[in-house]
>>> print(open('protein24.tsv').read())   # TSV, C-alpha atoms
chain	number	residue	atom	x	y	z
Q	1	MET	CA	10.66	-12.36	2.82
Q	2	LYS	CA	7.36	-13.66	4.13
Q	3	PRO	CA	8.49	-13.64	7.77
Q	4	PHE	CA	9.45	-9.96	7.41
Q	5	LYS	CA	6.01	-9.14	5.98
Q	6	GLU	CA	4.38	-10.90	8.89
Q	7	ILE	CA	6.58	-9.01	11.33
Q	8	PHE	CA	5.73	-5.66	9.73
Q	9	LEU	CA	2.05	-6.62	9.75
Q	10	LEU	CA	2.20	-7.50	13.44
Q	11	ILE	CA	4.02	-4.25	14.21
Q	12	GLY	CA	1.39	-2.32	12.28
Q	13	LEU	CA	-1.48	-4.05	14.07
Q	14	ALA	CA	0.19	-3.48	17.44
Q	15	SER	CA	0.61	0.22	16.63
Q	16	ILE	CA	-3.04	0.55	15.63
Q	17	PHE	CA	-4.12	-1.26	18.80
Q	18	ALA	CA	-1.96	1.05	20.94
Q	19	ILE	CA	-3.46	4.12	19.26
Q	20	VAL	CA	-7.01	2.85	19.79
Q	21	VAL	CA	-6.35	2.03	23.46
Q	22	GLY	CA	-4.70	5.41	23.97
Q	23	PHE	CA	-7.67	7.18	22.40
Q	24	GLN	CA	-10.10	5.22	24.60
Q	25	ASN	CA	-8.11	6.10	27.73
Q	26	ILE	CA	-8.10	9.79	26.82
Q	27	LYS	CA	-11.85	9.62	26.20
Q	28	LYS	CA	-12.43	8.02	29.62
Q	29	GLN	CA	-10.24	10.64	31.31
Q	30	ASN	CA	-12.23	13.42	29.67
Q	31	THR	CA	-15.48	11.75	30.71
Q	32	ILE	CA	-14.32	11.61	34.33
Q	33	LYS	CA	-13.32	15.29	34.23
Q	34	ASN	CA	-16.75	16.21	32.91
Q	35	LEU	CA	-18.46	14.18	35.64
Q	36	GLN	CA	-16.38	15.96	38.28
Q	37	LYS	CA	-17.50	19.43	37.21
Q	38	ASN	CA	-19.83	21.22	39.58
Q	39	ASP	CA	-23.17	21.83	37.86
Q	40	GLU	CA	-26.01	22.18	40.34
Q	41	ARG	CA	-28.59	22.54	37.57
Q	42	LYS	CA	-28.43	18.85	36.71
Q	43	GLY	CA	-29.27	15.56	38.39
Q	44	PHE	CA	-27.42	13.59	41.04
Q	45	ALA	CA	-25.69	10.21	41.16
Q	46	VAL	CA	-25.36	8.07	44.29
Q	47	VAL	CA	-22.67	5.50	43.49
Q	48	GLU	CA	-22.39	2.48	45.82
Q	49	LEU	CA	-19.47	0.09	45.37
Q	50	PHE	CA	-19.59	-3.32	47.07
Q	51	THR	CA	-16.01	-4.48	47.47
Q	52	SER	CA	-13.57	-6.41	49.67
Q	53	GLU	CA	-9.85	-6.51	50.38
Q	54	GLY	CA	-10.09	-10.29	50.04
Q	55	CYS	CA	-11.36	-10.18	46.45
Q	56	TRP	CA	-8.70	-10.34	43.71
Q	57	SER	CA	-10.92	-8.62	41.12
Q	58	CYS	CA	-11.87	-5.69	43.38
Q	59	PRO	CA	-8.76	-3.43	43.19
Q	60	PRO	CA	-9.60	-2.19	39.65
Q	61	ALA	CA	-13.05	-1.12	40.89
Q	62	ASP	CA	-11.47	0.57	43.92
Q	63	GLU	CA	-9.12	2.39	41.55
Q	64	LEU	CA	-12.04	3.50	39.38
Q	65	ILE	CA	-13.92	5.19	42.21
Q	66	GLU	CA	-10.63	6.70	43.41
Q	67	LYS	CA	-10.22	8.31	39.98
Q	68	LEU	CA	-13.77	9.60	40.22
Q	69	GLN	CA	-13.29	10.95	43.73
Q	70	LYS	CA	-9.87	12.54	43.21
Q	71	GLY	CA	-10.44	16.12	42.12
Q	72	ASN	CA	-14.22	15.75	42.30
Q	73	ASN	CA	-15.91	19.15	42.50
Q	74	ASN	CA	-19.38	17.91	41.62
Q	75	LYS	CA	-21.57	18.32	44.68
Q	76	GLN	CA	-24.14	16.03	43.08
Q	77	LEU	CA	-21.80	13.03	42.76
Q	78	TYR	CA	-21.90	10.89	45.90
Q	79	ILE	CA	-19.50	7.95	46.12
Q	80	MET	CA	-19.53	5.24	48.80
Q	81	ALA	CA	-17.60	1.98	49.19
Q	82	PHE	CA	-19.24	-0.79	51.22
Q	83	HIS	CA	-16.80	-3.51	52.30
Q	84	VAL	CA	-18.77	-6.76	52.54
Q	85	ASP	CA	-17.85	-9.55	54.95
Q	86	TYR	CA	-18.37	-12.76	52.92
Q	87	TRP	CA	-14.76	-12.70	51.72
Q	88	ASP	CA	-13.41	-12.62	55.29
Q	89	HIS	CA	-13.19	-16.42	55.54
Q	90	GLN	CA	-10.79	-16.65	52.58
Q	91	GLY	CA	-7.68	-15.96	54.66
Q	92	TRP	CA	-7.87	-12.18	55.12
Q	93	LYS	CA	-10.21	-10.20	57.38
Q	94	ASP	CA	-11.11	-6.87	55.79
Q	95	ARG	CA	-10.93	-4.35	58.64
Q	96	PHE	CA	-13.66	-2.24	57.04
Q	97	SER	CA	-16.13	-5.08	56.44
Q	98	LYS	CA	-19.45	-5.36	58.25
Q	99	PRO	CA	-22.30	-7.86	57.96
Q	100	GLU	CA	-24.81	-5.04	57.54
Q	101	PHE	CA	-23.05	-4.01	54.33
Q	102	THR	CA	-23.53	-7.54	53.00
Q	103	LEU	CA	-27.20	-7.31	54.00
Q	104	ARG	CA	-27.50	-4.08	52.04
Q	105	GLN	CA	-26.09	-5.77	48.95
Q	106	GLN	CA	-28.50	-8.66	49.44
Q	107	GLN	CA	-31.34	-6.16	49.60
Q	108	TYR	CA	-30.24	-4.82	46.22
Q	109	ALA	CA	-30.26	-8.36	44.85
Q	110	SER	CA	-33.91	-8.56	45.90
Q	111	TRP	CA	-34.83	-5.13	44.52
Q	112	LEU	CA	-33.05	-5.71	41.20
Q	113	ASN	CA	-34.14	-9.36	40.80
Q	114	LEU	CA	-30.59	-10.74	40.84
Q	115	ASN	CA	-29.86	-14.41	41.46
Q	116	THR	CA	-26.70	-13.77	43.45
Q	117	ILE	CA	-24.42	-11.13	44.93
Q	118	TYR	CA	-20.85	-10.57	43.83
Q	119	THR	CA	-17.88	-8.23	44.05
Q	120	PRO	CA	-17.02	-5.80	42.71
Q	121	GLN	CA	-20.53	-4.49	42.10
Q	122	ILE	CA	-21.64	-0.90	41.63
Q	123	VAL	CA	-25.21	0.34	42.04
Q	124	VAL	CA	-26.16	3.80	40.76
Q	125	ASN	CA	-29.11	5.63	42.32
Q	126	GLY	CA	-30.46	2.33	43.59
Q	127	THR	CA	-31.76	1.25	40.18
Q	128	THR	CA	-28.83	0.25	37.95
Q	129	GLU	CA	-26.25	-2.40	38.82
Q	130	LEU	CA	-22.95	-2.92	37.02
Q	131	ILE	CA	-19.69	-4.82	37.31
Q	132	GLY	CA	-17.62	-2.43	39.40
Q	133	SER	CA	-14.55	-2.65	37.18
Q	134	ASP	CA	-16.44	-2.02	33.91
Q	135	GLU	CA	-15.25	1.56	33.59
Q	136	SER	CA	-17.11	2.44	30.39
Q	137	ALA	CA	-20.45	1.14	31.67
Q	138	VAL	CA	-20.04	2.78	35.08
Q	139	LEU	CA	-19.12	6.17	33.62
Q	140	SER	CA	-22.00	5.97	31.15
Q	141	SER	CA	-24.51	5.20	33.91
Q	142	ILE	CA	-23.27	8.03	36.13
Q	143	SER	CA	-23.28	10.46	33.21
Q	144	SER	CA	-26.85	9.51	32.36
Q	145	GLU	CA	-28.04	10.23	35.91
Q	146	LEU	CA	-26.18	13.54	36.13
Q	147	LYS	CA	-27.74	14.74	32.87
Q	148	LYS	CA	-31.26	14.48	34.21
Q	149	THR	CA	-33.04	17.81	34.40
Q	150	SER	CA	-33.52	18.13	38.14
Q	151	SER	CA	-31.46	17.54	41.23
Q	152	ASP	CA	-33.26	16.93	44.49
Q	153	THR	CA	-31.41	17.50	47.73
Q	154	PHE	CA	-32.21	18.13	51.38
Q	155	VAL	CA	-30.50	19.70	54.37
Q	156	LEU	CA	-28.23	17.64	56.60
Q	157	HIS	CA	-26.57	18.94	59.75
Q	158	ALA	CA	-24.37	17.24	62.33
Q	159	GLU	CA	-22.91	18.09	65.71
Q	160	VAL	CA	-19.91	16.11	66.90
Q	161	LYS	CA	-19.91	15.32	70.60
Q	162	SER	CA	-17.50	13.34	72.75
Q	163	LYS	CA	-18.94	9.89	71.98
Q	164	ASN	CA	-21.38	10.36	69.12
Q	165	ILE	CA	-22.55	12.48	66.22
Q	166	GLN	CA	-26.00	14.02	66.45
Q	167	VAL	CA	-27.47	14.27	62.96
Q	168	THR	CA	-30.57	16.25	62.01
Q	169	TYR	CA	-32.20	16.65	58.63
Q	170	SER	CA	-34.88	18.81	57.02
Q	171	ASP	CA	-36.57	19.47	53.66
Q	172	VAL	CA	-37.16	15.74	53.21
Q	173	ARG	CA	-40.33	14.70	51.42
Q	174	SER	CA	-41.95	12.46	54.00
Q	175	HIS	CA	-43.69	9.35	52.70
Q	176	LYS	CA	-44.36	5.95	54.25
Q	177	GLU	CA	-42.77	4.20	51.26
Q	178	TYR	CA	-39.40	5.85	51.84
Q	179	GLN	CA	-36.62	5.72	54.40
Q	180	ILE	CA	-33.66	7.97	55.10
Q	181	ILE	CA	-30.16	6.50	55.17
Q	182	ILE	CA	-27.10	8.20	56.65
Q	183	ALA	CA	-23.59	6.93	55.91
Q	184	LEU	CA	-20.54	8.00	57.90
Q	185	VAL	CA	-17.75	7.98	55.33
Q	186	GLN	CA	-13.98	7.91	55.76
Q	187	LYS	CA	-12.51	9.67	52.74
Q	188	SER	CA	-9.33	7.60	52.33
Q	189	ALA	CA	-7.23	4.81	53.83
Q	190	LEU	CA	-4.38	2.45	52.97
Q	191	SER	CA	-4.20	-1.26	53.78
Q	192	LYS	CA	-1.30	-3.69	53.50
Q	193	VAL	CA	-2.88	-7.06	52.76
Q	194	LYS	CA	-0.89	-9.98	54.16
Q	195	ALA	CA	-3.05	-12.96	53.16
Q	196	GLY	CA	-5.85	-14.05	50.86
Q	197	GLU	CA	-6.21	-13.34	47.15
Q	198	ASN	CA	-4.54	-9.91	47.42
Q	199	ALA	CA	-1.65	-11.03	49.64
Q	200	GLY	CA	1.34	-8.72	49.38
Q	201	LYS	CA	-0.59	-5.81	47.88
Q	202	ASN	CA	-0.92	-2.31	49.26
Q	203	LEU	CA	-4.53	-1.30	48.64
Q	204	SER	CA	-5.76	2.27	48.46
Q	205	HIS	CA	-9.36	2.96	49.44
Q	206	VAL	CA	-11.62	6.01	49.17
Q	207	GLN	CA	-15.08	6.89	50.47
Q	208	ILE	CA	-15.22	3.97	52.89
Q	209	VAL	CA	-18.55	3.60	54.65
Q	210	ARG	CA	-17.77	3.02	58.32
Q	211	GLU	CA	-21.24	3.35	59.82
Q	212	LEU	CA	-24.68	3.10	58.23
Q	213	TYR	CA	-27.93	4.20	59.84
Q	214	GLN	CA	-31.45	4.17	58.47
Q	215	GLN	CA	-34.87	5.04	59.78
Q	216	GLU	CA	-38.42	5.59	58.63
Q	217	LEU	CA	-39.40	9.05	57.44
Q	218	VAL	CA	-41.48	10.07	60.42
Q	219	SER	CA	-41.85	13.24	62.42
Q	220	GLU	CA	-38.61	12.53	64.29
Q	221	ASN	CA	-35.76	13.98	62.23
Q	222	ASN	CA	-32.63	13.07	64.15
Q	223	ILE	CA	-30.16	10.18	64.24
Q	224	SER	CA	-27.36	9.44	66.70
Q	225	ILE	CA	-24.20	7.90	65.22
Q	226	ASP	CA	-21.51	6.25	67.32
Q	227	LEU	CA	-18.17	8.05	66.97
Q	228	PRO	CA	-15.33	5.80	65.71
Q	229	ASN	CA	-12.05	6.00	67.60
Q	230	ASP	CA	-10.13	7.12	64.51
Q	231	PHE	CA	-12.58	9.85	63.50
Q	232	ASN	CA	-11.35	13.31	62.57
Q	233	LYS	CA	-13.31	16.11	60.93
Q	234	GLU	CA	-10.88	16.66	58.04
Q	235	ASP	CA	-10.99	13.13	56.62
Q	236	TRP	CA	-14.63	12.16	57.12
Q	237	GLU	CA	-18.04	13.23	55.84
Q	238	LEU	CA	-21.69	12.29	56.00
Q	239	ILE	CA	-23.73	11.26	52.96
Q	240	GLY	CA	-27.48	11.09	53.32
Q	241	PHE	CA	-30.11	9.89	50.89
Q	242	VAL	CA	-33.78	8.98	50.70
Q	243	GLN	CA	-34.63	5.56	49.28
Q	244	ASN	CA	-37.82	3.81	48.25
Q	245	LYS	CA	-38.28	0.71	50.43
Q	246	SER	CA	-40.14	-1.17	47.71
Q	247	ASN	CA	-37.79	-0.83	44.73
Q	248	GLY	CA	-34.58	0.79	46.02
Q	249	LYS	CA	-34.84	3.97	43.95
Q	250	ILE	CA	-32.97	6.91	45.50
Q	251	THR	CA	-34.90	10.16	45.19
Q	252	GLN	CA	-32.94	12.68	47.27
Q	253	ALA	CA	-29.31	12.99	48.33
Q	254	THR	CA	-26.98	15.36	50.15
Q	255	ARG	CA	-23.74	15.48	52.14
Q	256	PHE	CA	-22.33	17.17	55.23
Q	257	GLU	CA	-18.70	18.20	55.55
Q	258	PHE	CA	-17.36	18.24	59.10
Q	259	ASP	CA	-14.80	20.96	58.35
Q	260	ASN	CA	-17.38	23.65	59.11
Q	261	ASN	CA	-18.75	21.93	62.19
Q	262	VAL	CA	-18.15	23.13	65.75
Q	263	TYR	CA	-17.27	20.41	68.23
Q	264	ALA	CA	-19.40	20.14	71.34
Q	265	ASN	CA	-18.53	18.65	74.69
>>> encode(input="protein24.tsv", output="structure tokens")
Amino acid sequence: MKPFKEIFLLIGLASIFAIVVGFQNIKKQNTIKNLQKNDERKGFAVVELFTSEGCWSCPPADELIEKLQKGNNNKQLYIMAFHVDYWDHQGWKDRFSKPEFTLRQQQYASWLNLNTIYTPQIVVNGTTELIGSDESAVLSSISSELKKTSSDTFVLHAEVKSKNIQVTYSDVRSHKEYQIIIALVQKSALSKVKAGENAGKNLSHVQIVRELYQQELVSENNISIDLPNDFNKEDWELIGFVQNKSNGKITQATRFEFDNNVYAN
């Protein structure tokens, strides 16, 4: 009879485990829905994911920000995915990777006193870094930032021309310790990976940073961005933010949707 008791015990434990996991998943889903609600009275969260198609542990982090982005109505939640290039020598060249994105991650390592850089990594508002696939920790950090009492934004405008995008900004608190950063973001893409650690996988991406520009906060308030060949106004947006050059803290953020923009010649 003992084997039967052990079997029943195992079945009972498995059932309890399934219930607990199910409850945790429901709780996370509800948390995401709450984060996606539009509430302009609260704070903002700039979420930067450092990822790569060549990294086997990155897809769960990509999936997490996709869950956050899908159905997101919160104007104060800004999500960006930076594809770093240091995985490109492992057999698969990530078509979205750029060395400047790796440099940005290295800058965060300096600001946050980290010994190394890694993927997947998420940084929230320039001050908190987390393992990108740690869903509970990431959601908690974002929630904490969104609950802050004030949201600070500025005005961003862009005009699309034949070869570039002319960006202007206003209502930015000018200070020599800060810089403005503008990211040109592709909202979604699919990649079929044929080599490397993710060989054979079809990877889904969201909020892919394609171009990144930064400049000092001076009297000049315009930036020219090169226009990618695959750009279209429906599937791209601009995210702009102001960042402290000494410690990385992000103090203002906004976005510009191209849907309402008039193309110029």
>>> closest_residue(input="protein24.tsv", among="Q:Leu156, Q:Ile250, Q:Ile32, Q:Leu184", to="Thr127 of chain Q", atoms="all atoms listed in the file")
Q:Ile250
>>> atom_distance(input="protein24.tsv", atom1="atom CA of Thr119 of chain Q", atom2="atom CA of Ala81 of chain Q")
11.4 Å
>>> residues_around(input="protein24.tsv", residues="segment 135-149 of chain Q", least_positions_apart="6", cutoff="6 Å", atoms="only C-alpha atoms", output="tab-separated table (two decimals) with C-alpha atoms, in the frame of the given file")
chain	number	residue	atom	x	y	z
Q	42	LYS	CA	-28.43	18.85	36.71
Q	43	GLY	CA	-29.27	15.56	38.39
Q	44	PHE	CA	-27.42	13.59	41.04
Q	45	ALA	CA	-25.69	10.21	41.16
>>> atom_distance(input="protein24.tsv", atom1="atom CA of Asp226 of chain Q", atom2="atom CA of Phe258 of chain Q")
15.1 Å
>>> atom_distance(input="protein24.tsv", atom1="atom CA of Val155 of chain Q", atom2="atom CA of Val185 of chain Q")
17.3 Å
